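Written out below as structure tokens is the structure these notes cover.
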Amino acid sequence: MDKKDNLKSLNLSDGIYKTRLSRKFENRKPYKPANPNIIISFIPGTVLDILVKEGDKVEKGEELMILDAMKMQNKLKSSIQGKIKKVFVTKGEKVSKGTVLLEIE
Amino acid sequence: MALDNKLRELQEKREKALLGGGEQAIEKQKAMGKRTARERIMALLDEGSFNEYDLFVEHDARDFDMDKKSLPSDGVIIGSGTIYGAPVAIFAQDFTVAGGSLGLMHSRKITKIMDHALKMRMPLIGINDSGGARIQEGVNSLAGYGEIFFRNTLSSGVIPQLSVILGPCAGGAVYSPALTDFVFVVDNISKMFITGPEVIKTVLGEEISMEDLGGARVHSEITGNAHFFSLSEDECFEQIKKLITFIPWNNSRKARMFEPSEPKPEYVIDKIVPEDPTLPYDVKDVIRAIVDNSDFFEIQELYAKNIVIGFGRMGGRTIGFVANQPLEMAGVLDVDSSDKAARFIRYCDAFNIPIITFVDLPGYLPGVDQEHAGVIRHGAKVLYAYSEATVPKLTVILRKAYGGGYIAMASRHLRADFVFAWPTAEIAVMGPEGAANIIFRKEIMSSDDPDGMRKKKVQEYKEKFANPYVAASRGYVDAVIEPGETRKILMHSLEVSEHKEITTPIKKHGIPPF
């Protein structure tokens, strides 16, 4: 490959550099702040039990769901007070990492 | 007559053991594009130099009917020999015998040759090709791994340790290579992972091939676990042989001297680096322009390409090179490049190899991912490694050396023995744009023409500070030199550093930001 191939611009605070970019840099995901209203699975696993249903009022710290993963039963608790807007999964369902499990309003 | 019989008995025993796992297993091994363990040793070592030990060792397992099974040499070959005359101890796992699985006697053979290498202060080469623990031997197999890891650690920094991955190397077994100095992998043959595709599928429901999970390319480009990538076993062995010529046999010696030679004329040192600090060039050309015969032996060529590390010779003497690479990611320091450089600096320091650093970097890579990946801790490794190193440290600032990047890259302040700068060097607290914006903020904001004012102030700052002379006026740079003088001046500096001696506080060991 010629050395001048694939040159792109990289804007660093003190100038715009002509350079190649690494795959890791080009594929990086932009940061998104965590949303306490959306409960997502932090690990792949199986939904062992759902302890709330749509319309339920929940307190901060209340248990919402049990996710079985890596031979552990993980209790998912609400980090806010609110009402269950929607449950996206059913009991026994296998979920991958990052799946939206339920939404609180 | 009686002696003849005894000799015949020895020959017969040898012949049987030399067949390893038998013809069928050997055929299978070849079908995978792999050599047998013994062929590998012969291909790597000087002809006729190999002396084998423990050929007649057998396993000692009793459970699961293992006592009825014979495993020739217990699946691993050990011995010593030479590479270009340098003594090396070697072990090679034999996949044709029980999949190269590691049982107690197998591990004892490996630890025997490891002890031997450490005692005799010679490099150790381990060829890994094993299905993993021999399950039938239970906890004895785990004990075997532990004994190997312990010795890898004990030998670290005393004798060079090379790991060659020529087959699977999975589970706990990967930690032996991980503890050694250099890991060699071959495309489509090497596989390394802690948990394999099957476990990942069962536990996480994610499907991935062995190659994509822990193949040679993955470890060369993504994880950085491997240092040398090749397309065939032949190419891999050439890399090992070449590396052996660059490194000393142990930490109380220096690398062998070679006949000095001049760099090749096609690398014209003053035509490589563009003056504009935002334009790229290949820093390897600068290295090639100053090393003997323009022969630069790069390490981790495919990983964190924004920093370049490797060996070359000057005046026949091995030198370790560390250089920012403006061609890749503008040469920034980040998590991966810091890890890569710091480890190499420590390698050179442990084995009495002088370090030459070429500096041209805009600083650290900004980003949430970098900060969250711990760029503070990882970046600190570079500071630690350079500060700790007591081998001769020579630094040449080619162009940009801004901010924290300037300090980190073997600056005077981390006790570089010699710091030189080219006239194109810009040694400053930050790039002119950023500095002017901060220092002259009020003037720029209150101006009728802020953009014009900014440009004017940036230009002013550039003229005053973006040069090597401010640093030179404080003695942070020993000399501003012409590119064409670089080799001559570095050779002289190396010569006067030959007997460098400094004292550091007595300690058991430091606490580097691992």
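Going through the structure tokens in order, the chains are called A, B, and so on, while each chain numbers its residues from 1 and the ligands are numbered from 1 in the order shown.
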**Request:** Apply DSSP to the structure's backbone, then extract all residues of chain A labelled helix (DSSP H, G or I) and return them as a list in words.
**Result:** Arg23, Lys24, Phe25 and Glu26 of chain A
Output for the residues just chosen: C-alpha atoms as a compact mmCIF listing (two decimals), in the first residue's frame:
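After the write, result31.txt holds the following:
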# COMPACT_ATOMS: atom_id res chain seq x y z
CA ARG A 23 -10.15 0.81 12.63
CA LYS A 24 -10.71 1.06 16.37
CA PHE A 25 -11.00 4.84 16.16
CA GLU A 26 -13.31 4.82 13.12
**Request:** Starting from chain A, keep only residues with some atom at most 9 Å from an atom of chain B, counting only C-alpha atoms, and report them as an NGL selection string.
**Result:** :A and (3-4 or 7 or 10 or 12-22 or 24-25 or 28-31 or 43-45 or 69-71 or 94-97)
**Item:** Selection near stretch 491-507 of chain B, 10 Å with only C-alpha atoms, sequence-local residues under 3 positions removed, as a list of chain:residue names
**Value:**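 That gives B:Ile290, B:Val291, B:Met314, B:Gly315, B:Arg317, B:Ile319, B:Pro354, B:Ile355, B:Ile356, B:Glu388, B:Thr390, B:Val391, B:Pro392, B:Lys393, B:Leu394, B:Asp417, B:Phe418, B:Thr486, B:Arg487, B:Lys488, B:Gly510.
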I need the chosen residues saved as a PDB file, in the first residue's frame, with N, CA and C atoms.
ATOM      1  N   ILE B 290      19.005   5.923   9.496  1.00  0.00           N
ATOM      2  CA  ILE B 290      20.135   6.042  10.421  1.00  0.00           C
ATOM      3  C   ILE B 290      20.685   4.700  10.911  1.00  0.00           C
ATOM      4  N   VAL B 291      19.983   3.577  10.643  1.00  0.00           N
ATOM      5  CA  VAL B 291      20.489   2.298  11.154  1.00  0.00           C
ATOM      6  C   VAL B 291      21.364   1.589  10.121  1.00  0.00           C
ATOM      7  N   MET B 314      23.351   0.188  15.208  1.00  0.00           N
ATOM      8  CA  MET B 314      24.172   1.345  14.847  1.00  0.00           C
ATOM      9  C   MET B 314      25.603   1.019  15.229  1.00  0.00           C
ATOM     10  N   GLY B 315      26.479   1.061  14.238  1.00  0.00           N
ATOM     11  CA  GLY B 315      27.856   0.662  14.491  1.00  0.00           C
ATOM     12  C   GLY B 315      27.948  -0.777  14.955  1.00  0.00           C
ATOM     13  N   ARG B 317      25.907  -2.357  16.903  1.00  0.00           N
ATOM     14  CA  ARG B 317      25.361  -2.560  18.246  1.00  0.00           C
ATOM     15  C   ARG B 317      23.835  -2.526  18.206  1.00  0.00           C
ATOM     16  N   ILE B 319      20.145  -1.547  19.019  1.00  0.00           N
ATOM     17  CA  ILE B 319      19.472  -0.400  19.610  1.00  0.00           C
ATOM     18  C   ILE B 319      17.962  -0.671  19.582  1.00  0.00           C
ATOM     19  N   PRO B 354      20.362  -0.040  24.554  1.00  0.00           N
ATOM     20  CA  PRO B 354      20.117   1.410  24.555  1.00  0.00           C
ATOM     21  C   PRO B 354      18.834   1.748  23.789  1.00  0.00           C
ATOM     22  N   ILE B 355      18.191   2.837  24.195  1.00  0.00           N
ATOM     23  CA  ILE B 355      16.921   3.218  23.563  1.00  0.00           C
ATOM     24  C   ILE B 355      17.083   4.560  22.859  1.00  0.00           C
ATOM     25  N   ILE B 356      16.694   4.578  21.588  1.00  0.00           N
ATOM     26  CA  ILE B 356      16.633   5.851  20.859  1.00  0.00           C
ATOM     27  C   ILE B 356      15.169   6.159  20.584  1.00  0.00           C
ATOM     28  N   GLU B 388      12.291   4.868  34.783  1.00  0.00           N
ATOM     29  CA  GLU B 388      12.922   3.742  35.461  1.00  0.00           C
ATOM     30  C   GLU B 388      14.141   3.226  34.702  1.00  0.00           C
ATOM     31  N   THR B 390      17.527   2.567  32.993  1.00  0.00           N
ATOM     32  CA  THR B 390      18.873   3.084  33.256  1.00  0.00           C
ATOM     33  C   THR B 390      19.829   2.836  32.087  1.00  0.00           C
ATOM     34  N   VAL B 391      19.341   2.175  31.040  1.00  0.00           N
ATOM     35  CA  VAL B 391      20.179   2.014  29.845  1.00  0.00           C
ATOM     36  C   VAL B 391      20.334   3.390  29.194  1.00  0.00           C
ATOM     37  N   PRO B 392      21.322   3.558  28.307  1.00  0.00           N
ATOM     38  CA  PRO B 392      21.445   4.846  27.622  1.00  0.00           C
ATOM     39  C   PRO B 392      20.140   5.214  26.919  1.00  0.00           C
ATOM     40  N   LYS B 393      19.701   6.476  27.135  1.00  0.00           N
ATOM     41  CA  LYS B 393      18.446   6.947  26.543  1.00  0.00           C
ATOM     42  C   LYS B 393      18.766   8.179  25.701  1.00  0.00           C
ATOM     43  N   LEU B 394      18.535   8.045  24.390  1.00  0.00           N
ATOM     44  CA  LEU B 394      18.839   9.128  23.460  1.00  0.00           C
ATOM     45  C   LEU B 394      17.547   9.567  22.793  1.00  0.00           C
ATOM     46  N   ASP B 417      19.636  10.793  28.464  1.00  0.00           N
ATOM     47  CA  ASP B 417      21.049  11.166  28.561  1.00  0.00           C
ATOM     48  C   ASP B 417      21.408  12.243  27.546  1.00  0.00           C
ATOM     49  N   PHE B 418      20.787  12.144  26.378  1.00  0.00           N
ATOM     50  CA  PHE B 418      21.015  13.139  25.330  1.00  0.00           C
ATOM     51  C   PHE B 418      19.671  13.476  24.694  1.00  0.00           C
ATOM     52  N   THR B 486      22.391  13.486  12.165  1.00  0.00           N
ATOM     53  CA  THR B 486      21.776  12.680  13.224  1.00  0.00           C
ATOM     54  C   THR B 486      22.536  11.390  13.510  1.00  0.00           C
ATOM     55  N   ARG B 487      22.840  10.627  12.470  1.00  0.00           N
ATOM     56  CA  ARG B 487      23.491   9.333  12.698  1.00  0.00           C
ATOM     57  C   ARG B 487      24.845   9.520  13.386  1.00  0.00           C
ATOM     58  N   LYS B 488      25.614  10.462  12.876  1.00  0.00           N
ATOM     59  CA  LYS B 488      26.950  10.675  13.424  1.00  0.00           C
ATOM     60  C   LYS B 488      26.872  11.048  14.909  1.00  0.00           C
ATOM     61  N   GLY B 510       9.422  -1.483  42.163  1.00  0.00           N
ATOM     62  CA  GLY B 510       8.461  -0.388  42.147  1.00  0.00           C
ATOM     63  C   GLY B 510       7.050  -0.894  41.958  1.00  0.00           C
TER      64      GLY B 510
END
**Prompt:** What lies within 6 Å of B:Ala133 using only C-alpha atoms, ignoring chain neighbours under 6 positions off, as a PyMOL selection string?
**Reply:** chain B and resi 101-102+141
**Request:** Would you kindly return, as number ranges by chain, each protein, DNA or RNA residue with an atom no farther than 12 Å from any atom of B:Phe246, considering only C-alpha atoms and excluding same-chain residues fewer than 5 positions away?
**Result:** B: 83-84, 86, 160, 239-241, 254-258, 295-298, 310-314, 316-320, 348, 351-353
**Asked** So which residues touch A:Glu59 within 12 Å, counting only C-alpha atoms, skipping near sequence neighbours fewer than 4 positions away, as JSON, numbers by chain?
**Response** {"A": [52, 63, 64, 77, 78, 79, 80, 81, 82, 83, 84, 104, 105]}
Could you save those same residues with N, CA and C atoms as a PDB file, in the first residue's frame?
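Dumped everything to out33.pdb:
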ATOM      1  N   VAL A  52     -43.003  -6.978  38.099  1.00  0.00           N
ATOM      2  CA  VAL A  52     -43.924  -5.847  37.937  1.00  0.00           C
ATOM      3  C   VAL A  52     -44.682  -5.996  36.628  1.00  0.00           C
ATOM      4  N   GLU A  63     -37.447  -4.042  43.407  1.00  0.00           N
ATOM      5  CA  GLU A  63     -37.013  -5.065  42.453  1.00  0.00           C
ATOM      6  C   GLU A  63     -37.982  -5.174  41.290  1.00  0.00           C
ATOM      7  N   LEU A  64     -37.435  -5.217  40.072  1.00  0.00           N
ATOM      8  CA  LEU A  64     -38.278  -5.224  38.878  1.00  0.00           C
ATOM      9  C   LEU A  64     -38.268  -6.580  38.179  1.00  0.00           C
ATOM     10  N   LYS A  77     -33.025  -3.675  39.959  1.00  0.00           N
ATOM     11  CA  LYS A  77     -33.802  -2.754  40.781  1.00  0.00           C
ATOM     12  C   LYS A  77     -33.951  -1.421  40.066  1.00  0.00           C
ATOM     13  N   SER A  78     -35.023  -0.707  40.379  1.00  0.00           N
ATOM     14  CA  SER A  78     -35.245   0.603  39.781  1.00  0.00           C
ATOM     15  C   SER A  78     -34.357   1.635  40.471  1.00  0.00           C
ATOM     16  N   SER A  79     -33.749   2.507  39.649  1.00  0.00           N
ATOM     17  CA  SER A  79     -32.924   3.546  40.255  1.00  0.00           C
ATOM     18  C   SER A  79     -33.731   4.838  40.422  1.00  0.00           C
ATOM     19  N   ILE A  80     -34.995   4.795  40.002  1.00  0.00           N
ATOM     20  CA  ILE A  80     -35.854   5.979  40.145  1.00  0.00           C
ATOM     21  C   ILE A  80     -37.249   5.564  40.637  1.00  0.00           C
ATOM     22  N   GLN A  81     -38.038   6.576  41.022  1.00  0.00           N
ATOM     23  CA  GLN A  81     -39.434   6.342  41.382  1.00  0.00           C
ATOM     24  C   GLN A  81     -40.265   6.622  40.125  1.00  0.00           C
ATOM     25  N   GLY A  82     -41.301   5.813  39.870  1.00  0.00           N
ATOM     26  CA  GLY A  82     -42.099   6.086  38.681  1.00  0.00           C
ATOM     27  C   GLY A  82     -43.135   5.008  38.424  1.00  0.00           C
ATOM     28  N   LYS A  83     -43.603   4.981  37.173  1.00  0.00           N
ATOM     29  CA  LYS A  83     -44.635   4.023  36.790  1.00  0.00           C
ATOM     30  C   LYS A  83     -44.112   3.189  35.621  1.00  0.00           C
ATOM     31  N   ILE A  84     -44.409   1.885  35.644  1.00  0.00           N
ATOM     32  CA  ILE A  84     -43.942   1.032  34.546  1.00  0.00           C
ATOM     33  C   ILE A  84     -44.726   1.378  33.283  1.00  0.00           C
ATOM     34  N   ILE A 104     -39.614   2.870  32.344  1.00  0.00           N
ATOM     35  CA  ILE A 104     -40.313   3.491  33.476  1.00  0.00           C
ATOM     36  C   ILE A 104     -40.579   4.946  33.127  1.00  0.00           C
ATOM     37  N   GLU A 105     -41.780   5.443  33.520  1.00  0.00           N
ATOM     38  CA  GLU A 105     -42.008   6.879  33.263  1.00  0.00           C
ATOM     39  C   GLU A 105     -42.225   7.623  34.561  1.00  0.00           C
TER      40      GLU A 105
END
**Item:** Shell of 7 Å around stretch 407-409 of chain B, only C-alpha atoms, local chain residues under 2 positions omitted, as number ranges by chain
**Value:** B: 359, 382-383, 403-405, 411, 413
Export C-alpha atoms of the chosen residues as a PDB file, in the first residue's frame?
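Output file again.pdb follows:
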ATOM      1  CA  VAL B 359       9.513  12.350  18.902  1.00  0.00           C
ATOM      2  CA  VAL B 382       5.321   5.355  29.445  1.00  0.00           C
ATOM      3  CA  LEU B 383       6.479   7.885  32.057  1.00  0.00           C
ATOM      4  CA  GLY B 403       2.417  19.261  26.346  1.00  0.00           C
ATOM      5  CA  GLY B 404       2.299  15.962  28.215  1.00  0.00           C
ATOM      6  CA  GLY B 405       3.463  14.170  25.080  1.00  0.00           C
ATOM      7  CA  SER B 411      12.413  14.029  27.728  1.00  0.00           C
ATOM      8  CA  HIS B 413      13.119  15.541  32.681  1.00  0.00           C
TER       9      HIS B 413
END
**Complete:** Restricting to only C-alpha atoms, whichever of B:Asp360, B:Asp478, B:Glu266, B:Asp115 is closest to B:Ala425 is B:Asp360
**Per-residue DSSP, chain A, filtered to strand (DSSP E), as JSON, numbers by chain** = {"A": [8, 9, 10, 11, 12, 15, 16, 17, 18, 19, 38, 39, 40, 45, 46, 47, 48, 49, 50, 57, 58, 63, 64, 65, 66, 67, 68, 69, 72, 73, 74, 75, 76, 77, 82, 83, 84, 85, 86, 87, 94, 95, 100, 101, 102, 103, 104]}
**Prompt:** In Å, with one decimal, what is the gap from atom CA of B:Met42 to atom CA of B:Asp129?
**Reply:**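 About the pair atom CA of B:Met42 and atom CA of B:Asp129: they are 16.1 Å apart.
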**Item:** Gap from atom CA of B:Leu55 to atom CA of B:Arg14 - Å, one decimal
**Value:**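 A separation of 7.7 Å between them.
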**Message:** Between atom CA of B:Tyr145 and atom CA of B:Ala178, what distance in Å does the model show, to one decimal?
**Reply:** 12.9 Å
**Asked** Of the candidates A:Leu76, A:Ile38, A:Lys32, A:Val47, which one gets nearest to A:Gly92 if we count only C-alpha atoms?
**Response**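 Closest candidate: A:Val47.
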